[in-house]
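**Student:** This is the content of entry_36.cif (mmCIF, C-alpha atoms):
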```
data_final
#
loop_
_atom_site.group_PDB
_atom_site.id
_atom_site.type_symbol
_atom_site.label_atom_id
_atom_site.label_comp_id
_atom_site.auth_asym_id
_atom_site.auth_seq_id
_atom_site.Cartn_x
_atom_site.Cartn_y
_atom_site.Cartn_z
ATOM 1 C CA MET A 1 -8.741 -53.647 -0.641
ATOM 2 C CA LEU A 2 -6.598 -51.298 -2.739
ATOM 3 C CA ILE A 3 -6.101 -49.015 0.265
ATOM 4 C CA THR A 4 -4.853 -51.963 2.328
ATOM 5 C CA ILE A 5 -2.367 -52.922 -0.391
ATOM 6 C CA LEU A 6 -1.114 -49.348 -0.746
ATOM 7 C CA LEU A 7 -0.778 -48.974 3.020
ATOM 8 C CA GLY A 8 1.163 -52.239 3.170
ATOM 9 C CA LEU A 9 3.486 -51.073 0.399
ATOM 10 C CA ALA A 10 4.066 -47.744 2.146
ATOM 11 C CA LEU A 11 4.917 -49.474 5.425
ATOM 12 C CA THR A 12 7.250 -51.890 3.645
ATOM 13 C CA ALA A 13 9.000 -49.036 1.831
ATOM 14 C CA GLY A 14 9.498 -47.249 5.154
ATOM 15 C CA LYS A 15 10.966 -50.404 6.678
ATOM 16 C CA VAL A 16 13.370 -50.783 3.731
ATOM 17 C CA ASP A 17 14.486 -47.154 4.110
ATOM 18 C CA LYS A 18 15.147 -47.722 7.813
ATOM 19 C CA GLY A 19 16.909 -51.017 7.075
ATOM 20 C CA ASP A 20 19.102 -49.343 4.468
ATOM 21 C CA ALA A 21 19.953 -46.549 6.923
ATOM 22 C CA VAL A 22 21.099 -49.161 9.457
ATOM 23 C CA MET A 23 23.189 -50.925 6.826
ATOM 24 C CA GLN A 24 24.739 -47.694 5.520
ATOM 25 C CA ALA A 25 25.783 -46.813 9.073
ATOM 26 C CA GLN A 26 27.224 -50.328 9.471
ATOM 27 C CA PHE A 27 29.186 -49.935 6.215
ATOM 28 C CA ASP A 28 30.479 -46.510 7.285
ATOM 29 C CA LEU A 29 31.575 -48.035 10.590
ATOM 30 C CA LEU A 30 33.360 -50.849 8.732
ATOM 31 C CA ARG A 31 35.267 -48.368 6.558
ATOM 32 C CA LEU A 32 36.289 -46.390 9.609
ATOM 33 C CA SER A 33 37.179 -49.509 11.581
ATOM 34 C CA TYR A 34 39.460 -50.737 8.799
ATOM 35 C CA ALA A 35 41.088 -47.323 8.330
ATOM 36 C CA CYS A 36 41.813 -47.131 12.062
ATOM 37 C CA GLY A 37 43.341 -50.597 12.181
ATOM 38 C CA ASP A 38 40.641 -51.608 14.658
ATOM 39 C CA PRO A 39 41.367 -55.107 16.013
ATOM 40 C CA LEU A 40 37.586 -55.663 16.118
ATOM 41 C CA TYR A 41 37.144 -55.096 12.359
ATOM 42 C CA ARG A 42 36.309 -58.744 11.667
ATOM 43 C CA SER A 43 33.760 -58.789 14.486
ATOM 44 C CA LYS A 44 32.116 -55.685 13.020
ATOM 45 C CA ARG A 45 32.117 -57.288 9.556
ATOM 46 C CA ASP A 46 30.485 -60.433 10.956
ATOM 47 C CA SER A 47 27.924 -58.292 12.783
ATOM 48 C CA THR A 48 27.106 -56.556 9.498
ATOM 49 C CA ARG A 49 26.506 -59.940 7.880
ATOM 50 C CA ARG A 50 24.213 -60.969 10.729
ATOM 51 C CA TRP A 51 22.260 -57.716 10.302
ATOM 52 C CA ILE A 52 21.720 -58.430 6.625
ATOM 53 C CA GLU A 53 20.327 -61.842 7.576
ATOM 54 C CA ARG A 54 18.063 -60.251 10.220
ATOM 55 C CA LEU A 55 16.763 -57.527 7.942
ATOM 56 C CA GLU A 56 16.110 -59.991 5.093
ATOM 57 C CA SER A 57 13.718 -58.204 2.752
ATOM 58 C CA ASN A 58 13.895 -54.914 4.662
ATOM 59 C CA THR A 59 17.135 -53.785 3.037
ATOM 60 C CA THR A 60 18.590 -53.557 -0.436
ATOM 61 C CA TYR A 61 22.041 -54.550 0.883
ATOM 62 C CA SER A 62 23.276 -58.110 0.386
ATOM 63 C CA MET A 63 26.052 -60.411 1.562
ATOM 64 C CA GLN A 64 27.808 -59.677 -1.725
ATOM 65 C CA ASP A 65 27.926 -55.983 -0.798
ATOM 66 C CA VAL A 66 29.741 -56.895 2.431
ATOM 67 C CA ALA A 67 32.175 -59.131 0.529
ATOM 68 C CA ASP A 68 32.809 -56.375 -2.037
ATOM 69 C CA LEU A 69 33.421 -53.801 0.702
ATOM 70 C CA ASP A 70 35.763 -56.152 2.552
ATOM 71 C CA SER A 71 37.742 -56.889 -0.619
ATOM 72 C CA GLY A 72 37.841 -53.223 -1.587
ATOM 73 C CA LEU A 73 39.154 -52.215 1.825
ATOM 74 C CA LYS A 74 41.817 -54.916 1.791
ATOM 75 C CA ASN A 75 43.079 -54.120 -1.712
ATOM 76 C CA GLY A 76 42.885 -50.347 -1.193
ATOM 77 C CA THR A 77 40.220 -49.474 -3.760
ATOM 78 C CA ILE A 78 37.761 -48.326 -1.069
ATOM 79 C CA LYS A 79 38.761 -45.734 1.493
ATOM 80 C CA PRO A 80 36.928 -43.705 4.152
ATOM 81 C CA ALA A 81 35.114 -40.617 2.868
ATOM 82 C CA THR A 82 37.304 -38.379 5.033
ATOM 83 C CA ARG A 83 40.915 -38.656 6.107
ATOM 84 C CA VAL A 84 41.234 -40.326 9.495
ATOM 85 C CA GLU A 85 43.831 -39.239 12.019
ATOM 86 C CA ARG A 86 44.898 -42.103 14.296
ATOM 87 C CA GLY A 87 44.360 -39.972 17.408
ATOM 88 C CA ASP A 88 40.715 -39.463 16.464
ATOM 89 C CA CYS A 89 39.908 -43.145 15.940
ATOM 90 C CA ILE A 90 38.565 -43.947 19.404
ATOM 91 C CA LYS A 91 36.074 -41.070 19.315
ATOM 92 C CA LEU A 92 35.111 -41.673 15.684
ATOM 93 C CA LEU A 93 34.535 -45.387 16.289
ATOM 94 C CA ALA A 94 32.449 -44.651 19.395
ATOM 95 C CA ASP A 95 30.385 -42.104 17.435
ATOM 96 C CA GLY A 96 29.905 -44.586 14.582
ATOM 97 C CA GLU A 97 28.774 -47.320 16.948
ATOM 98 C CA ALA A 98 26.374 -44.902 18.662
ATOM 99 C CA LYS A 99 24.899 -43.966 15.277
ATOM 100 C CA VAL A 100 24.361 -47.634 14.405
ATOM 101 C CA GLU A 101 22.693 -48.276 17.780
ATOM 102 C CA SER A 102 20.441 -45.239 17.349
ATOM 103 C CA LEU A 103 19.346 -46.344 13.877
ATOM 104 C CA VAL A 104 18.733 -49.888 15.114
ATOM 105 C CA GLU A 105 16.468 -48.526 17.861
ATOM 106 C CA GLU A 106 14.602 -46.434 15.289
ATOM 107 C CA TYR A 107 14.284 -49.461 12.993
ATOM 108 C CA ASN A 108 12.818 -51.553 15.819
ATOM 109 C CA ARG A 109 10.067 -48.992 16.576
#
```
Could the structure of this file be written out as structure tokens, please?
**Tutor:**
Amino acid sequence: MLITILLGLALTAGKVDKGDAVMQAQFDLLRLSYACGDPLYRSKRDSTRRWIERLESNTTYSMQDVADLDSGLKNGTIKPATRVERGDCIKLLADGEAKVESLVEEYNR
């Protein structure tokens, strides 16, 4: 019985780690999207919210985290980790979206 409980906890912890990786990639994509003036920023933000709902207990991220990020981006207190050149935005956004898709596939396995 104890082995079953421990195995269940280990599997749950792995799912949370994968869920958090998906959400971190989503948050990185949101930062980049906002910095690039992406017209699809709001769609990406809404997608991030839907992912939090889907992942439920498999992530430590919450709707409040999305709201805080959105507010921080809009009032300038949160910026991308690296400086973004406008000419690089299309490639960076495509790379960010590919990373999210890859992590989602890994999460679903």
**Student:** Need the shell around Glu105 in chain A: protein/DNA/RNA residues with any atom at most 12 Å away, counting all atoms listed in the file. Skip same-chain ones fewer than 4 positions apart. Format as a PyMOL selection string?
**Tutor:** chain A and resi 18-19+21-22+98-101+109
**Student:** So how many Å separate CA of Ala35 in chain A and CA of Lys91 in chain A, to one decimal?
**Tutor:**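 Distance between the two atoms: 13.6 Å.
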**Student:** Evaluating the PyMOL selection byres ((chain A and resi 32) around 10) on the displayed file yields which residues, as a PDB file with C-alpha atoms, in the frame of the given file?
**Tutor:**
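Saved result, result_9.pdb, follows:
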```
ATOM      1  CA  GLN A  26      27.224 -50.328   9.471  1.00  0.00           C
ATOM      2  CA  PHE A  27      29.186 -49.935   6.215  1.00  0.00           C
ATOM      3  CA  ASP A  28      30.479 -46.510   7.285  1.00  0.00           C
ATOM      4  CA  LEU A  29      31.575 -48.035  10.590  1.00  0.00           C
ATOM      5  CA  LEU A  30      33.360 -50.849   8.732  1.00  0.00           C
ATOM      6  CA  ARG A  31      35.267 -48.368   6.558  1.00  0.00           C
ATOM      7  CA  SER A  33      37.179 -49.509  11.581  1.00  0.00           C
ATOM      8  CA  TYR A  34      39.460 -50.737   8.799  1.00  0.00           C
ATOM      9  CA  ALA A  35      41.088 -47.323   8.330  1.00  0.00           C
ATOM     10  CA  CYS A  36      41.813 -47.131  12.062  1.00  0.00           C
ATOM     11  CA  GLY A  37      43.341 -50.597  12.181  1.00  0.00           C
ATOM     12  CA  ASP A  38      40.641 -51.608  14.658  1.00  0.00           C
ATOM     13  CA  TYR A  41      37.144 -55.096  12.359  1.00  0.00           C
ATOM     14  CA  LYS A  79      38.761 -45.734   1.493  1.00  0.00           C
ATOM     15  CA  PRO A  80      36.928 -43.705   4.152  1.00  0.00           C
ATOM     16  CA  ALA A  81      35.114 -40.617   2.868  1.00  0.00           C
ATOM     17  CA  THR A  82      37.304 -38.379   5.033  1.00  0.00           C
ATOM     18  CA  ARG A  83      40.915 -38.656   6.107  1.00  0.00           C
ATOM     19  CA  VAL A  84      41.234 -40.326   9.495  1.00  0.00           C
ATOM     20  CA  CYS A  89      39.908 -43.145  15.940  1.00  0.00           C
ATOM     21  CA  LEU A  92      35.111 -41.673  15.684  1.00  0.00           C
ATOM     22  CA  LEU A  93      34.535 -45.387  16.289  1.00  0.00           C
ATOM     23  CA  GLY A  96      29.905 -44.586  14.582  1.00  0.00           C
TER      24      GLY A  96
END
```
**Student:** Which distance in Å separates CA of Tyr107 in chain A and CA of Ser43 in chain A, to one decimal?
**Tutor:**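 CA of Ser43 in chain A lies at a distance of 21.6 Å from CA of Tyr107 in chain A.
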**Student:** State, in Å with one decimal place, the distance from CA of Ser102 in chain A to CA of Lys74 in chain A.
**Tutor:**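 One can read the CA of Ser102 in chain A to CA of Lys74 in chain A distance as 28.2 Å.
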**Student:** Convert the output of the PyMOL selection byres ((chain A and resi 20) around 10) on the shown file into explicit residues, formatted as a compact mmCIF listing (two decimals) with C-alpha atoms, in the frame of the given file.
**Tutor:**
```txt
# COMPACT_ATOMS: atom_id res chain seq x y z
CA GLY A 14 9.50 -47.25 5.15
CA LYS A 15 10.97 -50.40 6.68
CA VAL A 16 13.37 -50.78 3.73
CA ASP A 17 14.49 -47.15 4.11
CA LYS A 18 15.15 -47.72 7.81
CA GLY A 19 16.91 -51.02 7.08
CA ALA A 21 19.95 -46.55 6.92
CA VAL A 22 21.10 -49.16 9.46
CA MET A 23 23.19 -50.92 6.83
CA GLN A 24 24.74 -47.69 5.52
CA ALA A 25 25.78 -46.81 9.07
CA GLN A 26 27.22 -50.33 9.47
CA ILE A 52 21.72 -58.43 6.62
CA LEU A 55 16.76 -57.53 7.94
CA ASN A 58 13.90 -54.91 4.66
CA THR A 59 17.14 -53.78 3.04
CA THR A 60 18.59 -53.56 -0.44
CA TYR A 61 22.04 -54.55 0.88
CA LEU A 103 19.35 -46.34 13.88
CA TYR A 107 14.28 -49.46 12.99
```
**Student:** Of the residues A:Pro39, A:Arg86, A:Arg50, A:Arg45, which is the one nearest to Val66 in chain A, using all atoms listed in the file?
**Tutor:**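 Closest candidate: A:Arg45.
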**Student:** For Val104 in chain A, which of A:Glu85, A:Arg54, A:Lys44, A:Asp70 is the closest residue, counting only C-alpha atoms?
**Tutor:**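 When distances to Val104 in chain A are compared using only C-alpha atoms, the smallest one comes from A:Arg54.
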**Student:** Will you model N, CA and C atoms for range 29-46 of chain A and pass it back as a CSV table (one decimal), in the frame of the given file?
**Tutor:**
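Below you can see result-v1.csv, which holds the result:
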```csv
chain,number,residue,atom,x,y,z
A,29,LEU,N,30.8,-47.6,9.4
A,29,LEU,CA,31.6,-48.0,10.6
A,29,LEU,C,32.7,-49.0,10.2
A,30,LEU,N,32.4,-49.9,9.2
A,30,LEU,CA,33.4,-50.8,8.7
A,30,LEU,C,34.5,-50.1,8.1
A,31,ARG,N,34.2,-49.1,7.2
A,31,ARG,CA,35.3,-48.4,6.6
A,31,ARG,C,36.2,-47.7,7.6
A,32,LEU,N,35.5,-47.1,8.6
A,32,LEU,CA,36.3,-46.4,9.6
A,32,LEU,C,37.1,-47.4,10.4
A,33,SER,N,36.5,-48.5,10.8
A,33,SER,CA,37.2,-49.5,11.6
A,33,SER,C,38.4,-50.0,10.9
A,34,TYR,N,38.3,-50.3,9.6
A,34,TYR,CA,39.5,-50.7,8.8
A,34,TYR,C,40.5,-49.7,8.7
A,35,ALA,N,40.1,-48.4,8.5
A,35,ALA,CA,41.1,-47.3,8.3
A,35,ALA,C,41.8,-47.1,9.6
A,36,CYS,N,41.2,-47.3,10.8
A,36,CYS,CA,41.8,-47.1,12.1
A,36,CYS,C,42.6,-48.3,12.5
A,37,GLY,N,42.6,-49.4,11.8
A,37,GLY,CA,43.3,-50.6,12.2
A,37,GLY,C,42.7,-51.2,13.4
A,38,ASP,N,41.4,-51.1,13.5
A,38,ASP,CA,40.6,-51.6,14.7
A,38,ASP,C,40.8,-53.1,14.7
A,39,PRO,N,41.2,-53.7,15.9
A,39,PRO,CA,41.4,-55.1,16.0
A,39,PRO,C,40.0,-55.8,16.0
A,40,LEU,N,38.9,-55.1,16.1
A,40,LEU,CA,37.6,-55.7,16.1
A,40,LEU,C,36.9,-55.6,14.7
A,41,TYR,N,37.7,-55.2,13.7
A,41,TYR,CA,37.1,-55.1,12.4
A,41,TYR,C,36.4,-56.3,11.9
A,42,ARG,N,37.0,-57.5,12.1
A,42,ARG,CA,36.3,-58.7,11.7
A,42,ARG,C,35.0,-59.0,12.4
A,43,SER,N,35.0,-58.6,13.7
A,43,SER,CA,33.8,-58.8,14.5
A,43,SER,C,32.7,-57.9,13.9
A,44,LYS,N,33.1,-56.6,13.6
A,44,LYS,CA,32.1,-55.7,13.0
A,44,LYS,C,31.6,-56.2,11.7
A,45,ARG,N,32.5,-56.7,10.9
A,45,ARG,CA,32.1,-57.3,9.6
A,45,ARG,C,31.1,-58.4,9.7
A,46,ASP,N,31.4,-59.3,10.7
A,46,ASP,CA,30.5,-60.4,11.0
A,46,ASP,C,29.1,-59.9,11.5
```
